[in-house]
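Listing of protein_7.txt; format and content: compact mmCIF, C-alpha atoms.
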```txt
# COMPACT_ATOMS: atom_id res chain seq x y z
CA MET M 11 -30.22 9.98 -6.90
CA ASP M 12 -27.53 12.63 -6.30
CA PHE M 13 -24.12 10.97 -6.67
CA THR M 14 -22.26 13.97 -5.25
CA LEU M 15 -24.17 13.99 -1.96
CA TYR M 16 -21.93 11.73 0.10
CA TRP M 17 -18.50 12.67 -1.30
CA PHE M 18 -17.13 13.24 2.22
CA MET M 19 -17.59 9.55 3.05
CA PHE M 20 -14.58 8.63 0.90
CA PRO M 21 -11.93 9.90 3.38
CA VAL M 22 -14.11 8.90 6.33
CA SER M 23 -14.29 5.34 5.01
CA ILE M 24 -10.51 5.17 4.66
CA GLY M 25 -10.11 6.14 8.31
CA VAL M 26 -12.80 3.75 9.56
CA ALA M 27 -11.41 0.78 7.62
CA THR M 28 -7.86 1.49 8.75
CA CYS M 29 -8.95 1.49 12.41
CA ALA M 30 -10.98 -1.68 11.88
CA MET M 31 -8.03 -3.53 10.37
CA LEU M 32 -5.68 -2.43 13.14
CA SER M 33 -8.00 -3.40 15.97
CA GLY M 34 -9.91 -6.35 14.48
CA ILE M 35 -13.31 -4.76 15.23
CA GLY M 36 -16.00 -4.49 12.61
CA GLY M 37 -16.06 -1.23 10.66
CA ALA M 38 -19.85 -1.33 10.71
CA ALA M 39 -19.64 -0.60 14.43
CA LEU M 40 -18.58 2.90 13.39
CA PHE M 41 -20.50 3.24 10.13
CA THR M 42 -23.90 2.55 11.71
CA PRO M 43 -23.73 5.48 14.17
CA ILE M 44 -22.40 7.72 11.40
CA PHE M 45 -25.54 6.94 9.40
CA VAL M 46 -27.91 7.21 12.38
CA LEU M 47 -26.35 10.13 14.27
CA LEU M 48 -24.39 12.26 11.79
CA PHE M 49 -26.49 12.13 8.64
CA PRO M 50 -29.65 13.62 10.23
CA LEU M 51 -27.55 16.58 11.42
CA LEU M 52 -26.44 17.27 7.84
CA GLY M 53 -29.97 17.61 6.52
CA PRO M 54 -33.00 15.52 5.58
CA GLU M 55 -31.56 14.65 2.16
CA TYR M 56 -28.74 12.71 3.87
CA VAL M 57 -30.97 10.52 6.05
CA LEU M 58 -31.25 6.86 5.04
CA ALA M 59 -34.69 5.29 4.70
CA SER M 60 -34.53 3.26 7.93
CA THR M 61 -32.24 1.82 10.58
CA PHE M 62 -32.47 -1.50 8.73
CA ALA M 63 -31.15 0.24 5.62
CA ALA M 64 -28.35 1.79 7.71
CA VAL M 65 -27.35 -1.61 9.14
CA SER M 66 -27.48 -3.21 5.70
CA THR M 67 -25.38 -0.45 4.14
CA ALA M 68 -22.86 -0.54 7.00
CA LEU M 69 -22.35 -4.28 6.67
CA LEU M 70 -22.19 -4.12 2.87
CA THR M 71 -19.46 -1.50 3.11
CA GLN M 72 -17.65 -3.42 5.83
CA THR M 73 -17.62 -6.55 3.66
CA PHE M 74 -15.44 -4.85 1.04
CA GLY M 75 -13.15 -3.40 3.69
CA PHE M 76 -12.57 -6.78 5.30
CA MET M 77 -12.02 -8.41 1.92
CA SER M 78 -9.28 -5.87 1.30
CA GLY M 79 -7.86 -6.40 4.78
CA PHE M 80 -7.98 -10.15 4.31
CA VAL M 81 -5.82 -9.84 1.18
CA GLY M 82 -3.36 -7.64 3.07
CA TYR M 83 -3.01 -10.08 5.96
CA TYR M 84 -2.94 -13.08 3.63
CA ARG M 85 0.02 -11.62 1.76
CA ARG M 86 1.81 -11.25 5.08
CA ARG M 87 0.88 -14.85 6.02
CA MET M 88 -0.50 -13.80 9.39
CA ILE M 89 -3.86 -15.66 9.27
CA ASP M 90 -4.38 -18.90 11.20
CA PHE M 91 -6.82 -20.57 8.80
CA ASP M 92 -7.36 -23.69 10.92
CA LEU M 93 -8.48 -21.55 13.82
CA ALA M 94 -10.58 -19.28 11.61
CA VAL M 95 -12.56 -22.17 10.10
CA ARG M 96 -13.47 -23.49 13.55
CA PHE M 97 -15.05 -20.16 14.49
CA ILE M 98 -16.67 -19.57 11.09
CA ARG M 99 -18.65 -22.81 11.37
CA ILE M 100 -20.45 -21.21 14.32
CA SER M 101 -20.55 -17.54 13.34
CA ALA M 102 -21.64 -17.69 9.68
CA PRO M 103 -25.02 -19.47 10.00
CA ILE M 104 -25.96 -17.63 13.19
CA ALA M 105 -25.22 -14.25 11.59
CA VAL M 106 -27.70 -15.11 8.83
CA ILE M 107 -30.35 -15.81 11.48
CA GLY M 108 -29.62 -12.43 13.07
CA ALA M 109 -30.04 -10.73 9.68
CA LEU M 110 -33.42 -12.38 9.20
CA VAL M 111 -34.55 -11.24 12.65
CA ALA M 112 -33.39 -7.65 12.02
CA HIS M 113 -35.91 -7.27 9.21
CA GLN M 114 -38.75 -7.90 11.66
CA VAL M 115 -37.57 -5.57 14.45
CA HIS M 116 -38.59 -1.93 14.99
CA ASP M 117 -35.94 0.74 14.36
CA ALA M 118 -35.92 1.85 18.00
CA ILE M 119 -35.17 -1.69 19.19
CA LEU M 120 -32.32 -2.05 16.72
CA ILE M 121 -30.75 1.22 17.86
CA ALA M 122 -31.22 0.39 21.55
CA ALA M 123 -29.67 -3.05 21.03
CA TYR M 124 -26.69 -1.42 19.33
CA ALA M 125 -26.30 1.08 22.20
CA LEU M 126 -26.39 -1.61 24.89
CA LEU M 127 -23.96 -3.83 23.01
CA VAL M 128 -21.32 -1.17 22.41
CA LEU M 129 -21.62 -0.06 26.06
CA VAL M 130 -20.83 -3.62 27.18
CA LEU M 131 -17.94 -3.75 24.72
CA ALA M 132 -16.65 -0.39 25.96
CA ILE M 133 -16.67 -1.59 29.56
CA GLY M 134 -14.76 -4.69 28.51
CA MET M 135 -12.18 -2.67 26.61
CA LEU M 136 -11.67 -0.09 29.35
CA LEU M 137 -11.96 -2.08 32.58
CA LEU M 138 -11.46 -5.77 31.93
CA HIS M 139 -8.01 -5.75 30.34
CA ARG M 140 -6.22 -9.03 30.75
CA GLN M 141 -2.52 -9.63 30.40
CA GLN M 142 -1.82 -11.67 27.30
CA PRO M 143 0.00 -14.93 28.06
CA SER M 144 3.40 -15.20 26.48
CA ARG M 145 3.48 -17.36 23.36
CA PRO M 146 6.89 -16.58 21.82
CA ASN M 147 7.02 -19.78 19.79
CA TYR M 148 3.46 -19.70 18.51
CA ASP M 149 4.46 -20.23 14.85
CA SER M 150 6.34 -23.40 15.66
CA MET M 151 3.84 -24.68 18.20
CA ASN M 152 0.62 -26.60 17.72
CA ARG M 153 -1.58 -24.15 15.74
CA ARG M 154 -4.81 -25.73 17.02
CA PRO M 155 -5.19 -24.54 20.63
CA GLU M 156 -8.15 -25.85 22.56
CA ILE M 157 -11.20 -23.59 22.24
CA PRO M 158 -13.54 -23.68 25.25
CA THR M 159 -17.30 -23.91 24.87
CA GLN M 160 -17.63 -20.41 26.33
CA ASP M 161 -15.80 -18.97 23.34
CA PHE M 162 -18.14 -20.66 20.88
CA VAL M 163 -21.19 -19.41 22.81
CA LEU M 164 -19.89 -15.84 22.81
CA THR M 165 -19.02 -16.16 19.12
CA GLY M 166 -22.59 -17.21 18.36
CA ALA M 167 -23.96 -14.27 20.35
CA GLY M 168 -21.63 -11.86 18.59
CA ALA M 169 -22.55 -13.27 15.19
CA PHE M 170 -26.28 -12.97 15.87
CA LEU M 171 -25.91 -9.35 16.96
CA THR M 172 -23.73 -8.60 13.94
CA GLY M 173 -26.46 -9.82 11.62
CA MET M 174 -29.05 -7.81 13.54
CA VAL M 175 -27.30 -4.53 14.46
CA SER M 176 -23.97 -4.73 12.52
CA VAL M 177 -21.65 -5.06 15.53
CA GLY M 178 -20.47 -7.93 17.71
CA ILE M 179 -18.49 -10.64 15.95
CA GLY M 180 -15.20 -8.80 15.42
CA GLU M 181 -15.16 -7.40 18.94
CA VAL M 182 -15.85 -10.83 20.48
CA ILE M 183 -13.36 -12.72 18.32
CA ILE M 184 -10.38 -10.41 18.86
CA SER M 185 -10.86 -10.46 22.64
CA ARG M 186 -11.21 -14.25 22.80
CA LEU M 187 -8.16 -14.90 20.62
CA THR M 188 -5.86 -12.57 22.54
CA LYS M 189 -7.10 -14.01 25.83
CA ARG M 190 -6.12 -17.49 24.63
CA GLY M 191 -2.56 -16.34 24.03
CA ILE M 192 -2.67 -15.81 20.28
CA PRO M 193 -0.19 -13.03 19.36
CA VAL M 194 -1.91 -9.72 18.68
CA GLY M 195 -0.95 -9.58 14.98
CA THR M 196 -2.15 -13.13 14.31
CA ALA M 197 -5.31 -12.52 16.37
CA ALA M 198 -6.18 -9.40 14.37
CA ALA M 199 -5.48 -11.14 11.06
CA THR M 200 -7.49 -14.24 11.98
CA SER M 201 -10.31 -12.08 13.29
CA VAL M 202 -10.45 -10.28 9.93
CA ALA M 203 -10.80 -13.63 8.12
CA ILE M 204 -13.59 -14.78 10.45
CA VAL M 205 -15.46 -11.47 10.27
CA MET M 206 -15.13 -11.32 6.47
CA VAL M 207 -16.89 -14.63 5.89
CA THR M 208 -19.47 -13.99 8.62
CA ILE M 209 -20.55 -10.57 7.40
CA LEU M 210 -20.49 -11.66 3.76
CA LEU M 211 -23.34 -14.07 4.44
CA ALA M 212 -25.15 -11.65 6.77
CA THR M 213 -24.84 -8.84 4.22
CA THR M 214 -26.19 -11.00 1.40
CA THR M 215 -29.23 -11.77 3.55
CA LEU M 216 -29.80 -8.14 4.58
CA VAL M 217 -29.38 -6.61 1.13
CA SER M 218 -31.58 -9.29 -0.45
CA GLN M 219 -34.39 -8.34 1.94
CA LEU M 220 -33.81 -4.63 1.30
CA ILE M 221 -34.07 -5.09 -2.48
CA ARG M 222 -37.02 -7.45 -2.15
CA ASP M 223 -39.03 -4.84 -0.23
CA GLY M 224 -37.95 -1.65 -1.99
CA GLY M 225 -36.37 -2.68 -5.28
CA ILE M 226 -32.81 -2.06 -6.42
CA GLY M 227 -33.25 1.65 -5.68
CA ALA M 228 -33.61 0.88 -1.96
CA VAL M 229 -29.84 0.44 -1.80
CA PRO M 230 -28.13 3.86 -1.40
CA TRP M 231 -25.72 3.49 -4.30
CA ASN M 232 -24.77 7.18 -4.13
CA LEU M 233 -23.34 6.49 -0.65
CA ILE M 234 -21.81 3.09 -1.37
CA CYS M 235 -19.93 4.37 -4.43
CA TYR M 236 -17.73 6.46 -2.10
CA GLU M 237 -17.50 4.01 0.77
CA ILE M 238 -16.34 0.95 -1.15
CA PRO M 239 -13.17 2.51 -2.64
CA GLY M 240 -12.51 4.14 0.74
CA VAL M 241 -12.64 0.89 2.70
CA LEU M 242 -10.63 -0.92 0.02
CA ILE M 243 -7.83 1.59 0.55
CA GLY M 244 -8.16 1.52 4.34
CA GLY M 245 -8.16 -2.27 4.24
CA GLN M 246 -4.67 -2.17 2.76
CA ILE M 247 -3.34 0.56 5.05
CA GLY M 248 -4.39 -1.18 8.29
CA PRO M 249 -2.32 -4.38 7.90
CA ARG M 250 0.74 -2.33 6.94
CA LEU M 251 0.45 -0.34 10.17
CA GLN M 252 -0.03 -3.44 12.33
CA GLY M 253 2.36 -3.31 15.27
CA LEU M 254 2.92 0.45 15.17
CA VAL M 255 0.04 1.08 17.59
CA SER M 256 -0.28 -1.13 20.66
CA GLN M 257 -3.43 -3.21 20.99
CA ARG M 258 -4.08 -1.74 24.44
CA THR M 259 -3.94 1.82 23.11
CA MET M 260 -6.41 0.90 20.37
CA GLU M 261 -8.72 -0.76 22.90
CA ARG M 262 -8.76 2.30 25.14
CA ALA M 263 -9.40 4.72 22.30
CA ILE M 264 -12.21 2.62 20.85
CA GLY M 265 -13.62 1.96 24.32
CA VAL M 266 -13.95 5.69 25.03
CA LEU M 267 -15.51 6.26 21.61
CA PHE M 268 -17.99 3.42 22.21
CA VAL M 269 -19.13 5.02 25.48
CA PHE M 270 -20.07 8.23 23.68
CA LEU M 271 -21.70 6.28 20.83
CA ALA M 272 -23.73 4.18 23.29
CA ILE M 273 -25.09 7.28 25.03
CA ALA M 274 -25.91 9.04 21.76
CA MET M 275 -27.54 5.99 20.17
CA MET M 276 -29.63 5.24 23.27
CA THR M 277 -30.85 8.86 23.23
CA VAL M 278 -32.00 8.39 19.63
CA ALA M 279 -33.65 5.06 20.53
CA LEU M 280 -35.59 6.62 23.42
CA LYS M 281 -36.84 9.40 21.14
CA LYS M 282 -38.04 6.82 18.64
CA PHE M 283 -39.76 4.83 21.39
CA GLY M 284 -41.50 8.02 22.49
CA ALA M 285 -42.72 8.64 18.95
CA VAL M 286 -44.30 5.18 18.67
```
Represent the structure contained in this file as structure tokens.
Amino acid sequence: MDFTLYWFMFPVSIGVATCAMLSGIGGAALFTPIFVLLFPLLGPEYVLASTFAAVSTALLTQTFGFMSGFVGYYRRRMIDFDLAVRFIRISAPIAVIGALVAHQVHDAILIAAYALLVLVLAIGMLLLHRQQPSRPNYDSMNRRPEIPTQDFVLTGAGAFLTGMVSVGIGEVIISRLTKRGIPVGTAAATSVAIVMVTILLATTTLVSQLIRDGGIGAVPWNLICYEIPGVLIGGQIGPRLQGLVSQRTMERAIGVLFVFLAIAMMTVALKKFGAV
């Protein structure tokens, strides 16, 4: 195992984690296409063993980034823990189910599911922007706003897809919280807490299956050794930059990026379907 192979992922991971902390999305939404799209272009020695391995590695890396981001937001006392716990009760167990399903699904289906999901998310970010209700006295108000059933259903769907294709929960949570009038900073911080717990359980399930089937060497340690310190640093930078970039600007930028990723990932999926 060549431990110099993926050195470039250190700065990349810092950038990905910083964007994830600022926007509240899951960093794995960006790591997975990097593994699936970029690595094959660099050469066969960079390619991971399977899409399942890519999803597992992306979520494992994201876990450390969100742990770091959680600490950053916790120090700033921006997390609404009461609200976070209510969502985690739904998202955590369902994400584990999604991780168990992912192990049984063909690579092409995983990639196609990712492509369709990020396309839907991109449309939401670019076209369905909603004005955030004013909540100037949120800190002094009742911190337990009513959560409609629709939000819990969408949270469950996002959690399942996160466990299966590494993306969904963060993007769903941040949009639902801001729609309900939670201030952007608090919404991003609370989303980080929810995503952290959710992906921690999903990652444990995914990596356990990866090691069970291929041994400890099935985990690409030579990649993870650069990503983990990168996302730990990015996880601290993101909270410090919160408020400097508007949420709408972040949504538009990520929405455009997701459109390109959806097209590229679906192209890869169709090629894999054709090879079956």
Excluding Thr71 (chain M) and any residue of its chain fewer than 6 positions from it, enumerate the residues within 9 Å of it, using only C-alpha atoms, and give them as a CSV table (one decimal) with C-alpha atoms, in the frame of the given file.
```
chain,number,residue,atom,x,y,z
M,23,SER,CA,-14.3,5.3,5.0
M,37,GLY,CA,-16.1,-1.2,10.7
M,38,ALA,CA,-19.8,-1.3,10.7
M,41,PHE,CA,-20.5,3.2,10.1
M,234,ILE,CA,-21.8,3.1,-1.4
M,237,GLU,CA,-17.5,4.0,0.8
M,238,ILE,CA,-16.3,1.0,-1.2
M,241,VAL,CA,-12.6,0.9,2.7
```
In terms of the shortest atom-to-atom distance over only C-alpha atoms, which of M:Leu211, M:Ile100, M:Val115, M:Ala27 is closest to Gly168 (chain M)? M:Ile100
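Going from CA of Pro158 (chain M) over to CA of Leu93 (chain M), you cover 12.7 Å.
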Using all atoms listed in the file, find the one residue out of M:Lys189, M:Ile133, M:Asp12, M:Gln219 that sits nearest to Gln114 (chain M).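 Between M:Lys189, M:Ile133, M:Asp12, M:Gln219, the residue approaching Gln114 (chain M) most closely is M:Gln219.
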Within 8 Å of Thr28 (chain M), counting all atoms listed in the file, which residues show up once you throw out same-chain ones fewer than 5 positions away? Write them as an MDAnalysis selection string, please. chainID M and resid 241 244:248
Nearest candidate to Ser60 (chain M) (options M:Val22, M:Ala109, M:Val177, M:Ala228; using all atoms listed in the file):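 Among the listed residues, the smallest separation from Ser60 (chain M) belongs to M:Ala228.
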Would you pick out the contacts of Leu52 (chain M) at 12 Å or less, using only C-alpha atoms, so that residues sharing its chain but fewer than 5 positions from it are not included, and give the list as a PyMOL selection string? chain M and resi 15-16+18+44-47+57-58
Have a look at M:Trp17, M:Gly166, M:Leu220, M:Pro239 and name the one nearest to Ile98 (chain M); count all atoms listed in the file.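 So, comparing all the options, the nearest one is M:Gly166.
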Which residue, M:Arg258, M:Ala199, M:Leu216, M:Ala125, has the smallest gap to Met276 (chain M) when you use all atoms listed in the file?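 The answer is M:Ala125, which sits nearest to Met276 (chain M).
Nearest to Ile273 (chain M) of all the residues M:Pro50, M:Pro230, M:Pro43, M:Gly25 is M:Pro43, based on only C-alpha atoms.
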With all atoms listed in the file as the counted atoms, please give the residues lying no more than 9 Å from Phe62 (chain M), apart from itself and same-chain residues fewer than 3 positions off, as a list in words.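 Answer for this query is Ala59, Val65, Ser66, Thr67, Ala112, His113, Val115, His116, Asp117, Leu120, Met174, Val175, Leu216 and Leu220 of chain M.
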With all atoms listed in the file as the counted atoms, please give the residues lying no more than 8 Å from Ala169 (chain M), apart from itself and same-chain residues fewer than 4 positions off, as an mmCIF file with C-alpha atoms, in the frame of the given file.
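Printed below is result_0.cif as written:
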```cif
data_model
loop_
_atom_site.group_PDB
_atom_site.id
_atom_site.type_symbol
_atom_site.label_atom_id
_atom_site.label_comp_id
_atom_site.auth_asym_id
_atom_site.auth_seq_id
_atom_site.Cartn_x
_atom_site.Cartn_y
_atom_site.Cartn_z
ATOM 1 C CA SER M 101 -20.550 -17.540 13.340
ATOM 2 C CA ALA M 102 -21.640 -17.690 9.680
ATOM 3 C CA ILE M 104 -25.960 -17.630 13.190
ATOM 4 C CA ALA M 105 -25.220 -14.250 11.590
ATOM 5 C CA GLY M 108 -29.620 -12.430 13.070
ATOM 6 C CA THR M 165 -19.020 -16.160 19.120
ATOM 7 C CA GLY M 173 -26.460 -9.820 11.620
ATOM 8 C CA GLY M 178 -20.470 -7.930 17.710
ATOM 9 C CA ILE M 179 -18.490 -10.640 15.950
ATOM 10 C CA THR M 208 -19.470 -13.990 8.620
#
```
Just the number, please: distance in Å from CA of Glu55 (chain M) to CA of Leu127 (chain M), one decimal. 28.9 Å
Atom pair CA of Met77 (chain M) / CA of Ala123 (chain M): separation (Å):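 It comes out at 26.6 Å.
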N, CA and C atoms restored at region 67-102 of chain M, emitted as a CSV table (one decimal), in the coordinates of the input:
```csv
chain,number,residue,atom,x,y,z
M,67,THR,N,-26.4,-1.2,4.8
M,67,THR,CA,-25.4,-0.4,4.1
M,67,THR,C,-24.0,-0.5,4.9
M,68,ALA,N,-24.1,-0.5,6.2
M,68,ALA,CA,-22.9,-0.5,7.0
M,68,ALA,C,-22.2,-1.9,6.8
M,69,LEU,N,-22.9,-2.9,6.8
M,69,LEU,CA,-22.4,-4.3,6.7
M,69,LEU,C,-21.9,-4.5,5.2
M,70,LEU,N,-22.6,-4.0,4.3
M,70,LEU,CA,-22.2,-4.1,2.9
M,70,LEU,C,-20.8,-3.4,2.7
M,71,THR,N,-20.7,-2.2,3.2
M,71,THR,CA,-19.5,-1.5,3.1
M,71,THR,C,-18.3,-2.2,3.8
M,72,GLN,N,-18.6,-2.7,5.0
M,72,GLN,CA,-17.6,-3.4,5.8
M,72,GLN,C,-17.1,-4.7,5.1
M,73,THR,N,-18.0,-5.3,4.4
M,73,THR,CA,-17.6,-6.6,3.7
M,73,THR,C,-16.4,-6.3,2.7
M,74,PHE,N,-16.5,-5.2,2.0
M,74,PHE,CA,-15.4,-4.8,1.0
M,74,PHE,C,-14.2,-4.5,1.8
M,75,GLY,N,-14.3,-3.8,2.9
M,75,GLY,CA,-13.2,-3.4,3.7
M,75,GLY,C,-12.4,-4.6,4.2
M,76,PHE,N,-13.2,-5.6,4.7
M,76,PHE,CA,-12.6,-6.8,5.3
M,76,PHE,C,-12.0,-7.7,4.2
M,77,MET,N,-12.6,-7.7,3.0
M,77,MET,CA,-12.0,-8.4,1.9
M,77,MET,C,-10.6,-7.9,1.6
M,78,SER,N,-10.6,-6.5,1.6
M,78,SER,CA,-9.3,-5.9,1.3
M,78,SER,C,-8.3,-6.2,2.4
M,79,GLY,N,-8.7,-6.1,3.7
M,79,GLY,CA,-7.9,-6.4,4.8
M,79,GLY,C,-7.4,-7.8,4.8
M,80,PHE,N,-8.3,-8.7,4.4
M,80,PHE,CA,-8.0,-10.2,4.3
M,80,PHE,C,-6.8,-10.4,3.3
M,81,VAL,N,-6.9,-9.7,2.2
M,81,VAL,CA,-5.8,-9.8,1.2
M,81,VAL,C,-4.5,-9.3,1.8
M,82,GLY,N,-4.6,-8.2,2.5
M,82,GLY,CA,-3.4,-7.6,3.1
M,82,GLY,C,-2.7,-8.6,4.1
M,83,TYR,N,-3.5,-9.1,5.0
M,83,TYR,CA,-3.0,-10.1,6.0
M,83,TYR,C,-2.6,-11.4,5.3
M,84,TYR,N,-3.3,-11.8,4.3
M,84,TYR,CA,-2.9,-13.1,3.6
M,84,TYR,C,-1.6,-13.0,3.0
M,85,ARG,N,-1.3,-11.8,2.4
M,85,ARG,CA,0.0,-11.6,1.8
M,85,ARG,C,1.1,-11.7,2.8
M,86,ARG,N,0.8,-11.2,4.0
M,86,ARG,CA,1.8,-11.2,5.1
M,86,ARG,C,1.8,-12.6,5.8
M,87,ARG,N,1.0,-13.5,5.4
M,87,ARG,CA,0.9,-14.8,6.0
M,87,ARG,C,0.7,-14.8,7.5
M,88,MET,N,-0.2,-14.0,8.0
M,88,MET,CA,-0.5,-13.8,9.4
M,88,MET,C,-1.8,-14.5,9.9
M,89,ILE,N,-2.6,-15.1,8.9
M,89,ILE,CA,-3.9,-15.7,9.3
M,89,ILE,C,-3.7,-17.1,9.7
M,90,ASP,N,-4.3,-17.5,10.8
M,90,ASP,CA,-4.4,-18.9,11.2
M,90,ASP,C,-5.7,-19.5,10.6
M,91,PHE,N,-5.6,-20.1,9.5
M,91,PHE,CA,-6.8,-20.6,8.8
M,91,PHE,C,-7.5,-21.7,9.5
M,92,ASP,N,-6.7,-22.6,10.2
M,92,ASP,CA,-7.4,-23.7,10.9
M,92,ASP,C,-8.2,-23.2,12.0
M,93,LEU,N,-7.7,-22.2,12.7
M,93,LEU,CA,-8.5,-21.6,13.8
M,93,LEU,C,-9.7,-20.8,13.3
M,94,ALA,N,-9.5,-20.1,12.2
M,94,ALA,CA,-10.6,-19.3,11.6
M,94,ALA,C,-11.8,-20.2,11.2
M,95,VAL,N,-11.5,-21.3,10.6
M,95,VAL,CA,-12.6,-22.2,10.1
M,95,VAL,C,-13.4,-22.7,11.3
M,96,ARG,N,-12.8,-23.0,12.4
M,96,ARG,CA,-13.5,-23.5,13.6
M,96,ARG,C,-14.5,-22.5,14.1
M,97,PHE,N,-14.1,-21.2,14.0
M,97,PHE,CA,-15.0,-20.2,14.5
M,97,PHE,C,-16.1,-19.9,13.4
M,98,ILE,N,-15.7,-19.9,12.2
M,98,ILE,CA,-16.7,-19.6,11.1
M,98,ILE,C,-17.8,-20.6,11.1
M,99,ARG,N,-17.6,-21.8,11.4
M,99,ARG,CA,-18.6,-22.8,11.4
M,99,ARG,C,-19.8,-22.4,12.3
M,100,ILE,N,-19.4,-21.7,13.4
M,100,ILE,CA,-20.4,-21.2,14.3
M,100,ILE,C,-21.0,-19.9,13.9
M,101,SER,N,-20.1,-18.9,13.5
M,101,SER,CA,-20.6,-17.5,13.3
M,101,SER,C,-21.4,-17.3,12.1
M,102,ALA,N,-21.0,-18.0,11.0
M,102,ALA,CA,-21.6,-17.7,9.7
M,102,ALA,C,-23.1,-18.0,9.7
```
